[in-house]
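Asker: The structure file run_8.cif (mmCIF, C-alpha atoms and all ligand atoms) is provided below.
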data_coords
#
loop_
_atom_site.label_atom_id
_atom_site.label_comp_id
_atom_site.auth_asym_id
_atom_site.auth_seq_id
_atom_site.Cartn_x
_atom_site.Cartn_y
_atom_site.Cartn_z
CA MET A 3 1.28 52.77 14.12
CA ILE A 4 2.28 49.72 12.10
CA VAL A 5 -0.47 47.16 11.47
CA GLU A 6 0.59 43.77 10.14
CA ILE A 7 -1.47 40.79 9.03
CA ASP A 8 0.09 37.38 9.69
CA LYS A 9 0.80 35.72 6.34
CA GLY A 10 0.60 32.25 7.94
CA SER A 11 -2.96 32.73 9.25
CA GLY A 12 -6.16 32.03 7.40
CA PHE A 13 -7.82 29.13 5.64
CA CYS A 14 -5.93 25.89 5.15
CA PHE A 15 -6.00 24.41 1.65
CA GLY A 16 -8.79 21.96 2.64
CA VAL A 17 -11.12 24.83 3.48
CA VAL A 18 -10.03 26.89 0.44
CA ASN A 19 -10.92 23.88 -1.75
CA ALA A 20 -14.33 23.44 -0.13
CA ILE A 21 -15.18 27.14 -0.55
CA SER A 22 -14.02 27.11 -4.19
CA SER A 23 -16.21 24.04 -4.84
CA ALA A 24 -19.20 25.84 -3.30
CA GLU A 25 -18.57 29.01 -5.31
CA ARG A 26 -18.18 27.01 -8.52
CA GLU A 27 -21.45 25.14 -7.94
CA LEU A 28 -23.31 28.30 -6.96
CA LYS A 29 -22.51 29.88 -10.33
CA ASN A 30 -24.79 27.32 -11.97
CA THR A 31 -27.45 26.74 -9.34
CA ASP A 32 -29.58 28.92 -7.06
CA THR A 33 -29.42 26.64 -4.04
CA LEU A 34 -26.64 24.38 -2.88
CA TYR A 35 -27.06 22.57 0.42
CA CYS A 36 -24.05 22.15 2.70
CA LEU A 37 -24.03 19.53 5.42
CA GLY A 38 -22.81 21.48 8.47
CA ASP A 39 -20.99 24.82 8.47
CA ILE A 40 -18.60 24.91 5.52
CA VAL A 41 -16.15 26.69 7.82
CA HIS A 42 -16.38 27.64 11.52
CA ASN A 43 -16.69 31.30 10.74
CA SER A 44 -20.15 32.80 10.72
CA LEU A 45 -19.20 35.79 8.54
CA GLU A 46 -17.81 33.58 5.78
CA VAL A 47 -20.86 31.32 6.06
CA GLU A 48 -23.12 34.39 5.72
CA ARG A 49 -21.19 35.53 2.63
CA LEU A 50 -21.73 32.15 0.96
CA GLU A 51 -25.33 31.96 2.11
CA ALA A 52 -25.97 35.24 0.30
CA LEU A 53 -24.81 33.43 -2.87
CA GLY A 54 -27.31 30.61 -2.27
CA LEU A 55 -25.59 28.17 0.08
CA ARG A 56 -27.98 26.59 2.60
CA THR A 57 -26.47 24.99 5.67
CA ILE A 58 -28.35 21.93 6.91
CA ASP A 59 -27.83 19.41 9.69
CA HIS A 60 -27.97 15.61 9.46
CA ALA A 61 -31.68 15.46 10.33
CA GLU A 62 -32.55 17.79 7.43
CA PHE A 63 -30.15 15.91 5.18
CA ALA A 64 -31.99 12.65 5.86
CA ARG A 65 -35.26 14.28 4.74
CA LEU A 66 -33.88 15.75 1.49
CA GLU A 67 -34.58 14.09 -1.85
CA GLY A 68 -33.01 14.67 -5.24
CA LYS A 69 -31.00 17.74 -4.19
CA LYS A 70 -27.36 18.69 -4.48
CA VAL A 71 -25.40 18.66 -1.22
CA LEU A 72 -21.82 19.71 -0.59
CA LEU A 73 -19.78 17.75 1.95
CA ARG A 74 -17.27 20.05 3.63
CA ALA A 75 -13.56 19.47 4.27
CA HIS A 76 -14.13 17.58 7.57
CA GLY A 77 -15.51 14.55 5.74
CA GLU A 78 -18.46 12.29 6.56
CA PRO A 79 -19.00 8.69 7.71
CA PRO A 80 -20.15 6.03 5.20
CA SER A 81 -23.74 6.34 6.49
CA THR A 82 -23.98 9.83 4.92
CA TYR A 83 -23.13 8.43 1.47
CA GLU A 84 -25.67 5.64 2.00
CA THR A 85 -28.40 8.17 2.83
CA ALA A 86 -27.45 10.18 -0.27
CA GLU A 87 -27.79 7.13 -2.48
CA ARG A 88 -31.14 6.17 -0.96
CA ASN A 89 -32.54 9.70 -1.37
CA ARG A 90 -31.04 10.34 -4.82
CA ILE A 91 -28.97 13.20 -3.38
CA GLN A 92 -26.16 14.40 -5.59
CA ILE A 93 -23.00 14.79 -3.53
CA VAL A 94 -20.42 17.49 -4.19
CA ASP A 95 -17.61 15.95 -2.20
CA ALA A 96 -15.24 18.60 -0.83
CA THR A 97 -13.72 16.32 1.81
CA CYS A 98 -10.11 17.42 2.28
CA PRO A 99 -7.74 14.93 0.59
CA VAL A 100 -5.75 14.68 3.84
CA VAL A 101 -8.88 13.67 5.77
CA LEU A 102 -9.87 11.27 3.01
CA GLN A 103 -6.49 9.54 3.27
CA LEU A 104 -6.90 9.25 7.03
CA GLN A 105 -10.38 7.78 6.65
CA LYS A 106 -8.98 5.16 4.27
CA LYS A 107 -6.10 4.35 6.62
CA ILE A 108 -8.45 3.81 9.56
CA HIS A 109 -10.82 1.76 7.42
CA ARG A 110 -7.94 -0.45 6.27
CA CYS A 111 -6.75 -0.92 9.85
CA TYR A 112 -10.31 -1.83 10.89
CA GLN A 113 -10.62 -4.41 8.15
CA GLU A 114 -7.23 -5.92 8.87
CA THR A 115 -7.77 -6.19 12.60
CA ARG A 116 -11.46 -7.12 12.60
CA GLY A 117 -11.99 -10.29 14.58
CA SER A 118 -8.77 -9.73 16.54
CA ARG A 119 -8.80 -7.99 19.91
CA THR A 120 -7.23 -4.77 18.59
CA GLN A 121 -8.75 -1.54 19.79
CA ILE A 122 -8.77 1.34 17.33
CA VAL A 123 -8.35 4.57 19.23
CA ILE A 124 -8.79 8.09 17.88
CA TYR A 125 -7.27 11.04 19.69
CA GLY A 126 -9.76 13.79 18.93
CA LYS A 127 -12.76 15.80 20.03
CA LYS A 128 -15.84 13.70 20.72
CA GLY A 129 -18.71 14.65 18.44
CA HIS A 130 -16.51 16.71 16.09
CA ALA A 131 -17.58 16.20 12.48
CA GLU A 132 -14.17 14.93 11.35
CA VAL A 133 -14.02 12.50 14.27
CA ASN A 134 -17.53 11.21 13.49
CA GLY A 135 -16.35 10.57 9.94
CA LEU A 136 -13.34 8.65 11.25
CA VAL A 137 -15.32 6.59 13.76
CA GLY A 138 -17.69 5.73 10.91
CA GLN A 139 -14.83 3.88 9.18
CA THR A 140 -14.87 1.35 12.00
CA ASP A 141 -18.65 0.76 12.14
CA GLY A 142 -18.70 2.96 15.21
CA THR A 143 -16.31 0.76 17.21
CA ALA A 144 -13.34 3.15 17.52
CA ILE A 145 -12.76 4.63 20.96
CA VAL A 146 -12.37 8.42 21.02
CA VAL A 147 -10.03 9.88 23.62
CA GLU A 148 -9.75 13.58 24.31
CA LYS A 149 -7.60 13.57 27.44
CA ILE A 150 -5.56 11.28 29.68
CA ASP A 151 -8.57 10.36 31.87
CA ASP A 152 -10.31 8.88 28.81
CA LEU A 153 -7.55 6.27 28.58
CA ASP A 154 -9.19 4.48 31.52
CA ARG A 155 -11.67 3.17 28.95
CA LEU A 156 -8.96 1.19 27.15
CA ASP A 157 -8.02 -2.39 27.89
CA PHE A 158 -4.23 -2.44 28.17
CA SER A 159 -4.06 -6.21 27.80
CA ARG A 160 -5.28 -5.85 24.18
CA ASN A 161 -3.50 -4.46 21.11
CA ILE A 162 -4.04 -0.78 20.36
CA SER A 163 -3.87 1.20 17.10
CA LEU A 164 -3.92 4.93 17.70
CA PHE A 165 -4.74 7.66 15.16
CA SER A 166 -5.27 11.39 15.57
CA GLN A 167 -7.82 13.88 14.35
CA THR A 168 -5.93 16.09 11.87
CA THR A 169 -6.26 19.30 13.88
CA LYS A 170 -5.08 18.08 17.29
CA SER A 171 -1.86 19.35 18.86
CA LEU A 172 1.35 17.35 18.47
CA ASP A 173 2.18 17.78 22.15
CA GLY A 174 -1.19 16.37 23.18
CA PHE A 175 -0.71 13.40 20.86
CA ARG A 176 2.78 12.69 22.25
CA THR A 177 1.42 12.81 25.81
CA ILE A 178 -1.28 10.26 24.94
CA VAL A 179 1.29 7.97 23.25
CA ALA A 180 3.62 8.15 26.28
CA GLU A 181 0.79 7.37 28.69
CA ILE A 182 -0.42 4.37 26.68
CA GLU A 183 3.15 3.04 26.51
CA LYS A 184 3.40 3.38 30.26
CA ARG A 185 0.20 1.47 30.96
CA LEU A 186 0.54 -1.26 28.31
CA GLU A 187 0.93 -4.83 29.54
CA ALA A 188 3.98 -6.80 28.40
CA GLY A 189 3.75 -8.34 24.94
CA VAL A 190 0.84 -6.18 23.80
CA GLN A 191 1.21 -4.51 20.41
CA PHE A 192 0.80 -0.73 20.14
CA ASP A 193 0.92 1.09 16.78
CA TYR A 194 0.48 4.80 16.66
CA HIS A 195 0.05 6.95 13.59
CA ASP A 196 0.80 10.65 13.76
CA THR A 197 -1.96 11.82 11.42
CA ILE A 198 -1.89 15.46 12.48
CA CYS A 199 -2.08 17.87 9.55
CA ARG A 200 1.00 20.08 9.37
CA GLN A 201 -1.13 22.89 7.89
CA VAL A 202 -2.40 23.32 11.45
CA ALA A 203 0.47 21.97 13.56
CA ASN A 204 2.89 24.47 11.99
CA ARG A 205 0.62 27.34 12.90
CA LEU A 206 1.46 26.99 16.54
CA PRO A 207 5.15 27.98 16.47
CA ASN A 208 4.29 30.56 13.81
CA ILE A 209 1.60 32.24 15.90
CA GLN A 210 3.86 32.37 18.97
CA LYS A 211 6.61 34.07 16.96
CA PHE A 212 4.13 36.50 15.41
CA ALA A 213 2.58 37.36 18.80
CA LEU A 214 5.99 38.03 20.34
CA ALA A 215 6.95 40.39 17.53
CA HIS A 216 4.03 42.81 18.19
CA ASP A 217 3.02 45.14 21.02
CA TRP A 218 -0.64 44.23 20.68
CA VAL A 219 -2.31 41.32 18.88
CA TYR A 220 -5.85 40.93 17.63
CA PHE A 221 -6.58 37.25 17.16
CA VAL A 222 -9.52 36.82 14.79
CA ALA A 223 -11.69 33.68 14.78
CA GLY A 224 -15.28 32.55 15.00
CA LYS A 225 -16.57 31.72 18.49
CA LYS A 226 -17.31 28.13 17.38
CA SER A 227 -13.79 27.40 16.09
CA SER A 228 -11.94 24.93 18.33
CA ASN A 229 -8.76 25.50 16.35
CA GLY A 230 -9.27 29.23 17.00
CA ARG A 231 -9.53 28.78 20.75
CA MET A 232 -6.44 26.57 20.85
CA LEU A 233 -4.33 28.96 18.76
CA PHE A 234 -5.53 31.97 20.73
CA GLU A 235 -4.37 30.35 23.97
CA GLU A 236 -0.89 29.97 22.47
CA CYS A 237 -1.00 33.53 21.21
CA ARG A 238 -1.91 34.82 24.68
CA LYS A 239 0.77 32.71 26.34
CA ALA A 240 3.37 34.31 24.08
CA ASN A 241 1.97 37.83 24.44
CA SER A 242 -0.51 38.72 27.17
CA HIS A 243 -1.59 41.76 25.13
CA SER A 244 -3.65 39.58 22.84
CA GLN A 245 -7.37 39.98 22.26
CA PHE A 246 -9.79 37.48 20.73
CA ILE A 247 -12.28 39.10 18.35
CA SER A 248 -14.69 37.78 15.74
CA SER A 249 -15.45 40.96 13.80
CA GLU A 250 -14.26 44.54 13.38
CA GLU A 251 -17.27 45.82 15.36
CA GLU A 252 -15.63 44.53 18.51
CA ILE A 253 -12.90 47.15 18.15
CA THR A 254 -14.47 50.22 19.70
CA GLU A 255 -11.58 51.95 21.50
CA PRO A 256 -8.21 53.18 20.25
CA LEU A 257 -5.20 51.40 21.70
CA ALA A 258 -2.83 52.99 24.23
CA LYS A 259 -0.34 55.52 22.84
CA GLU A 260 2.63 53.23 23.66
CA VAL A 261 1.36 50.59 21.22
CA LYS A 262 3.41 51.07 18.07
CA CYS A 263 3.10 47.76 16.33
CA VAL A 264 -0.17 45.79 16.05
CA GLY A 265 -0.50 42.27 14.68
CA VAL A 266 -3.63 40.71 13.20
CA CYS A 267 -3.67 36.93 13.01
CA GLY A 268 -6.24 34.16 13.14
CA ALA A 269 -7.21 30.52 12.90
CA THR A 270 -7.41 28.14 9.95
CA SER A 271 -11.05 29.18 9.61
CA THR A 272 -10.43 32.93 9.50
CA PRO A 273 -10.95 34.54 6.08
CA LYS A 274 -8.20 36.82 4.76
CA TRP A 275 -10.78 39.47 3.81
CA LEU A 276 -11.89 39.66 7.45
CA MET A 277 -8.34 40.18 8.73
CA GLU A 278 -7.90 42.93 6.12
CA LYS A 279 -11.14 44.62 7.23
CA ILE A 280 -9.95 44.49 10.83
CA ALA A 281 -6.54 45.93 9.93
CA GLU A 282 -8.33 48.81 8.19
CA LYS A 283 -10.49 49.48 11.25
CA ILE A 284 -7.40 49.48 13.53
CA ARG A 285 -5.74 52.06 11.28
CA ARG A 286 -8.91 54.17 11.17
CA ILE A 287 -9.64 54.14 14.89
CA ASN A 288 -6.04 54.75 15.89
CA GLY A 289 -5.38 57.27 13.12
S1 LIG A 301 -6.49 21.26 8.57
FE1 LIG A 301 -5.39 19.97 7.12
S2 LIG A 301 -6.61 18.10 7.06
FE2 LIG A 301 -7.90 19.61 7.99
S3 LIG A 301 -9.05 20.49 6.30
FE3 LIG A 301 -7.24 21.75 6.56
S4 LIG A 301 -5.72 20.93 5.13
FE4 LIG A 301 -7.32 19.40 5.42
#
Written as structure tokens, how would this file's structure read?
Answerer:
Amino acid sequence: MIVEIDKGSGFCFGVVNAISSAERELKNTDTLYCLGDIVHNSLEVERLEALGLRTIDHAEFARLEGKKVLLRAHGEPPSTYETAERNRIQIVDATCPVVLQLQKKIHRCYQETRGSRTQIVIYGKKGHAEVNGLVGQTDGTAIVVEKIDDLDRLDFSRNISLFSQTTKSLDGFRTIVAEIEKRLEAGVQFDYHDTICRQVANRLPNIQKFALAHDWVYFVAGKKSSNGRMLFEECRKANSHSQFISSEEEITEPLAKEVKCVGVCGATSTPKWLMEKIAEKIRRING
């Protein structure tokens, strides 16, 4: 049986940077706080926690004083930096440079259009940490849309500036753009900015190709990863013999004799070491 790991799967550079920052800091300190999961993969979080990383939420963050806190790749709204300054918290800022650029772009748009009737719209997942960081650039005024129905909340007689969360699908973004164009009243200005990160967008065609090239596919991701769920759906569409797993313990049975070629792939939050462990288990159990 051939077992192959997808070279295009695994952490994006934003997550790699954040983890490297945490590892670097943890060499010199016993405890480093991280605001939210550094990556949506519980096994990687556990590995870093064993080195001294402590994951906290915003409520705990607000109570901290004089500690060192890492901000993960998703980024944070301005209010987080204000809290840090008030509480003498030292920030280790691992916000992904791509997200940082997007935050600045939205902030600029907000400043330039403030006082006009322009609506800033963000295509993204409500409540997602990155989206909260983006909405924060507009003093909380941006409207978040996840699906077509959410567009009912827009006023199509007013100008619209649309941005996207970096990890959304290009197809979904195009559908939203087309629908806004359809509903817009004459003479209204509509600017849209494709701010989708290609580190993620390019994974989609790659995962479909990879899934098609194998008899059986194990897709590895944490249960909390939205990118993982989205990519797995694409994987399954391309090859119905695809299974979502989060750890090697979930592989308990050997595969059917006809399966000759097995692929192991994953999300942007899936560590390489975990895919390697899983490949080893597949070889062992089917040996
Ligand atoms: S997906 Fe792209 S924008 Fe998001 S953290 Fe990774 S590299 Fe940065």
Asker: Quick one: residues within 9 Å of range 177-186 of chain A, all atoms listed in the file, excluding same-chain residues fewer than 4 positions away - as a compact mmCIF listing (two decimals) with C-alpha atoms, keeping the file's coordinate frame?
Answerer:
# COMPACT_ATOMS: atom_id res chain seq x y z
CA TYR A 125 -7.27 11.04 19.69
CA VAL A 147 -10.03 9.88 23.62
CA LYS A 149 -7.60 13.57 27.44
CA ILE A 150 -5.56 11.28 29.68
CA LEU A 153 -7.55 6.27 28.58
CA ASP A 157 -8.02 -2.39 27.89
CA PHE A 158 -4.23 -2.44 28.17
CA SER A 159 -4.06 -6.21 27.80
CA ARG A 160 -5.28 -5.85 24.18
CA ASN A 161 -3.50 -4.46 21.11
CA ILE A 162 -4.04 -0.78 20.36
CA LEU A 164 -3.92 4.93 17.70
CA LEU A 172 1.35 17.35 18.47
CA ASP A 173 2.18 17.78 22.15
CA VAL A 190 0.84 -6.18 23.80
CA GLN A 191 1.21 -4.51 20.41
CA PHE A 192 0.80 -0.73 20.14
CA TYR A 194 0.48 4.80 16.66
Asker: Go through chain A and flag each residue having an atom no more than 8 Å from ligand LIG 301 (chain A); for those, report the closest pair of atoms plus their distance in Å to one decimal, using only C-alpha atoms and all ligand atoms, ordered by chain and rising number, as JSON lines.
Answerer:
{"residue": "A:Phe13", "atom": "CA", "partner": "A:LIG301", "partner_atom": "FE3", "distance": 7.5}
{"residue": "A:Cys14", "atom": "CA", "partner": "A:LIG301", "partner_atom": "FE3", "distance": 4.6}
{"residue": "A:Phe15", "atom": "CA", "partner": "A:LIG301", "partner_atom": "S4", "distance": 4.9}
{"residue": "A:Gly16", "atom": "CA", "partner": "A:LIG301", "partner_atom": "S3", "distance": 4.0}
{"residue": "A:Val17", "atom": "CA", "partner": "A:LIG301", "partner_atom": "S3", "distance": 5.6}
{"residue": "A:Ala75", "atom": "CA", "partner": "A:LIG301", "partner_atom": "S3", "distance": 5.0}
{"residue": "A:His76", "atom": "CA", "partner": "A:LIG301", "partner_atom": "S3", "distance": 6.0}
{"residue": "A:Thr97", "atom": "CA", "partner": "A:LIG301", "partner_atom": "S3", "distance": 7.7}
{"residue": "A:Cys98", "atom": "CA", "partner": "A:LIG301", "partner_atom": "FE4", "distance": 4.6}
{"residue": "A:Pro99", "atom": "CA", "partner": "A:LIG301", "partner_atom": "FE4", "distance": 6.6}
{"residue": "A:Val100", "atom": "CA", "partner": "A:LIG301", "partner_atom": "S2", "distance": 4.8}
{"residue": "A:Val101", "atom": "CA", "partner": "A:LIG301", "partner_atom": "S2", "distance": 5.1}
{"residue": "A:Thr168", "atom": "CA", "partner": "A:LIG301", "partner_atom": "S2", "distance": 5.3}
{"residue": "A:Thr169", "atom": "CA", "partner": "A:LIG301", "partner_atom": "S1", "distance": 5.7}
{"residue": "A:Ile198", "atom": "CA", "partner": "A:LIG301", "partner_atom": "S2", "distance": 7.7}
{"residue": "A:Cys199", "atom": "CA", "partner": "A:LIG301", "partner_atom": "FE1", "distance": 4.6}
{"residue": "A:Arg200", "atom": "CA", "partner": "A:LIG301", "partner_atom": "FE1", "distance": 6.8}
{"residue": "A:Gln201", "atom": "CA", "partner": "A:LIG301", "partner_atom": "FE1", "distance": 5.2}
{"residue": "A:Val202", "atom": "CA", "partner": "A:LIG301", "partner_atom": "S1", "distance": 5.4}
{"residue": "A:Thr270", "atom": "CA", "partner": "A:LIG301", "partner_atom": "S1", "distance": 7.1}
Asker: Can you spit out the residues from that selection as an mmCIF file, in the frame of the given file, using C-alpha atoms?
Answerer:
data_model
loop_
_atom_site.group_PDB
_atom_site.id
_atom_site.type_symbol
_atom_site.label_atom_id
_atom_site.label_comp_id
_atom_site.auth_asym_id
_atom_site.auth_seq_id
_atom_site.Cartn_x
_atom_site.Cartn_y
_atom_site.Cartn_z
ATOM 1 C CA PHE A 13 -7.820 29.130 5.640
ATOM 2 C CA CYS A 14 -5.930 25.890 5.150
ATOM 3 C CA PHE A 15 -6.000 24.410 1.650
ATOM 4 C CA GLY A 16 -8.790 21.960 2.640
ATOM 5 C CA VAL A 17 -11.120 24.830 3.480
ATOM 6 C CA ALA A 75 -13.560 19.470 4.270
ATOM 7 C CA HIS A 76 -14.130 17.580 7.570
ATOM 8 C CA THR A 97 -13.720 16.320 1.810
ATOM 9 C CA CYS A 98 -10.110 17.420 2.280
ATOM 10 C CA PRO A 99 -7.740 14.930 0.590
ATOM 11 C CA VAL A 100 -5.750 14.680 3.840
ATOM 12 C CA VAL A 101 -8.880 13.670 5.770
ATOM 13 C CA THR A 168 -5.930 16.090 11.870
ATOM 14 C CA THR A 169 -6.260 19.300 13.880
ATOM 15 C CA ILE A 198 -1.890 15.460 12.480
ATOM 16 C CA CYS A 199 -2.080 17.870 9.550
ATOM 17 C CA ARG A 200 1.000 20.080 9.370
ATOM 18 C CA GLN A 201 -1.130 22.890 7.890
ATOM 19 C CA VAL A 202 -2.400 23.320 11.450
ATOM 20 C CA THR A 270 -7.410 28.140 9.950
#
Asker: Identify which of the residues A:Ala240, A:Ala86, A:Ala203, A:Ile253 lies closest to Ile284 in chain A, counting only C-alpha atoms when measuring atom-to-atom distances.
Answerer: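 The shortest atom-to-atom distance to Ile284 in chain A comes from A:Ile253.
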Asker: Mind listing whatever residues come within 12 Å of the point (-15.1, 9.0, 10.7)? Use all atoms listed in the file, file coordinates, and give them as a PyMOL selection string.
Answerer: chain A and resi 76-82+97+101-109+112+122-124+126-146+165-168
Asker: Closest to Tyr35 in chain A among A:Tyr220, A:Phe63, A:Phe175, A:Tyr83, using all atoms listed in the file?
Answerer: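 Answer, going by the shortest atom-to-atom distance: A:Phe63.
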Asker: Mind giving me the straight-line distance from CA of Arg90 in chain A to CA of Leu55 in chain A in Å, one decimal?
Answerer: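 Rounded to one decimal, the two atoms are 19.3 Å apart.
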Asker: Given all atoms listed in the file as the basis, pick out the residue of A:Asp217, A:Glu282, A:Glu27, A:Asp152 nearest to Glu260 in chain A.
Answerer: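 For Glu260 in chain A, the nearest of the given residues is A:Asp217.
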Asker: Given all atoms listed in the file as the basis, pick out the residue of A:Ala258, A:Leu45, A:Ala24, A:Leu53 nearest to Val222 in chain A.
Answerer: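 Under the stated criterion, the closest residue is A:Leu45.
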Asker: As an exercise, work out the distance from CA of Thr33 in chain A to CA of Ile58 in chain A in Å and give it to one decimal place.
Answerer: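 Going from CA of Thr33 in chain A over to CA of Ile58 in chain A, I get 12.0 Å.
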Asker: Can you measure CA of Asn229 in chain A to CA of Gln245 in chain A for me? One decimal in Å is fine.
Answerer: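 So the answer is 15.7 Å.
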Asker: Please, can range 166-177 of chain A be completed to N, CA and C atoms and returned as a PDB file, in the coordinates of the input?
Answerer:
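As a result, selection16.pdb now contains:
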ATOM      1  N   SER A 166      -4.890  10.083  15.031  1.00  0.00           N
ATOM      2  CA  SER A 166      -5.270  11.390  15.570  1.00  0.00           C
ATOM      3  C   SER A 166      -6.149  12.155  14.597  1.00  0.00           C
ATOM      4  N   GLN A 167      -7.077  12.890  15.140  1.00  0.00           N
ATOM      5  CA  GLN A 167      -7.820  13.880  14.350  1.00  0.00           C
ATOM      6  C   GLN A 167      -6.767  14.832  13.760  1.00  0.00           C
ATOM      7  N   THR A 168      -6.983  15.325  12.553  1.00  0.00           N
ATOM      8  CA  THR A 168      -5.930  16.090  11.870  1.00  0.00           C
ATOM      9  C   THR A 168      -5.575  17.417  12.550  1.00  0.00           C
ATOM     10  N   THR A 169      -6.507  17.959  13.325  1.00  0.00           N
ATOM     11  CA  THR A 169      -6.260  19.300  13.880  1.00  0.00           C
ATOM     12  C   THR A 169      -5.824  19.284  15.348  1.00  0.00           C
ATOM     13  N   LYS A 170      -5.507  18.115  15.885  1.00  0.00           N
ATOM     14  CA  LYS A 170      -5.080  18.080  17.290  1.00  0.00           C
ATOM     15  C   LYS A 170      -3.626  18.547  17.412  1.00  0.00           C
ATOM     16  N   SER A 171      -3.233  18.861  18.666  1.00  0.00           N
ATOM     17  CA  SER A 171      -1.860  19.350  18.860  1.00  0.00           C
ATOM     18  C   SER A 171      -0.892  18.168  18.953  1.00  0.00           C
ATOM     19  N   LEU A 172       0.319  18.396  18.434  1.00  0.00           N
ATOM     20  CA  LEU A 172       1.350  17.350  18.470  1.00  0.00           C
ATOM     21  C   LEU A 172       1.734  17.005  19.903  1.00  0.00           C
ATOM     22  N   ASP A 173       1.812  18.020  20.745  1.00  0.00           N
ATOM     23  CA  ASP A 173       2.180  17.780  22.150  1.00  0.00           C
ATOM     24  C   ASP A 173       1.154  16.875  22.825  1.00  0.00           C
ATOM     25  N   GLY A 174      -0.117  17.176  22.584  1.00  0.00           N
ATOM     26  CA  GLY A 174      -1.190  16.370  23.180  1.00  0.00           C
ATOM     27  C   GLY A 174      -1.101  14.929  22.709  1.00  0.00           C
ATOM     28  N   PHE A 175      -0.822  14.742  21.426  1.00  0.00           N
ATOM     29  CA  PHE A 175      -0.710  13.400  20.860  1.00  0.00           C
ATOM     30  C   PHE A 175       0.449  12.643  21.513  1.00  0.00           C
ATOM     31  N   ARG A 176       1.588  13.332  21.651  1.00  0.00           N
ATOM     32  CA  ARG A 176       2.780  12.690  22.250  1.00  0.00           C
ATOM     33  C   ARG A 176       2.494  12.290  23.701  1.00  0.00           C
ATOM     34  N   THR A 177       1.747  13.124  24.409  1.00  0.00           N
ATOM     35  CA  THR A 177       1.420  12.810  25.810  1.00  0.00           C
ATOM     36  C   THR A 177       0.569  11.552  25.871  1.00  0.00           C
TER      37      THR A 177
END
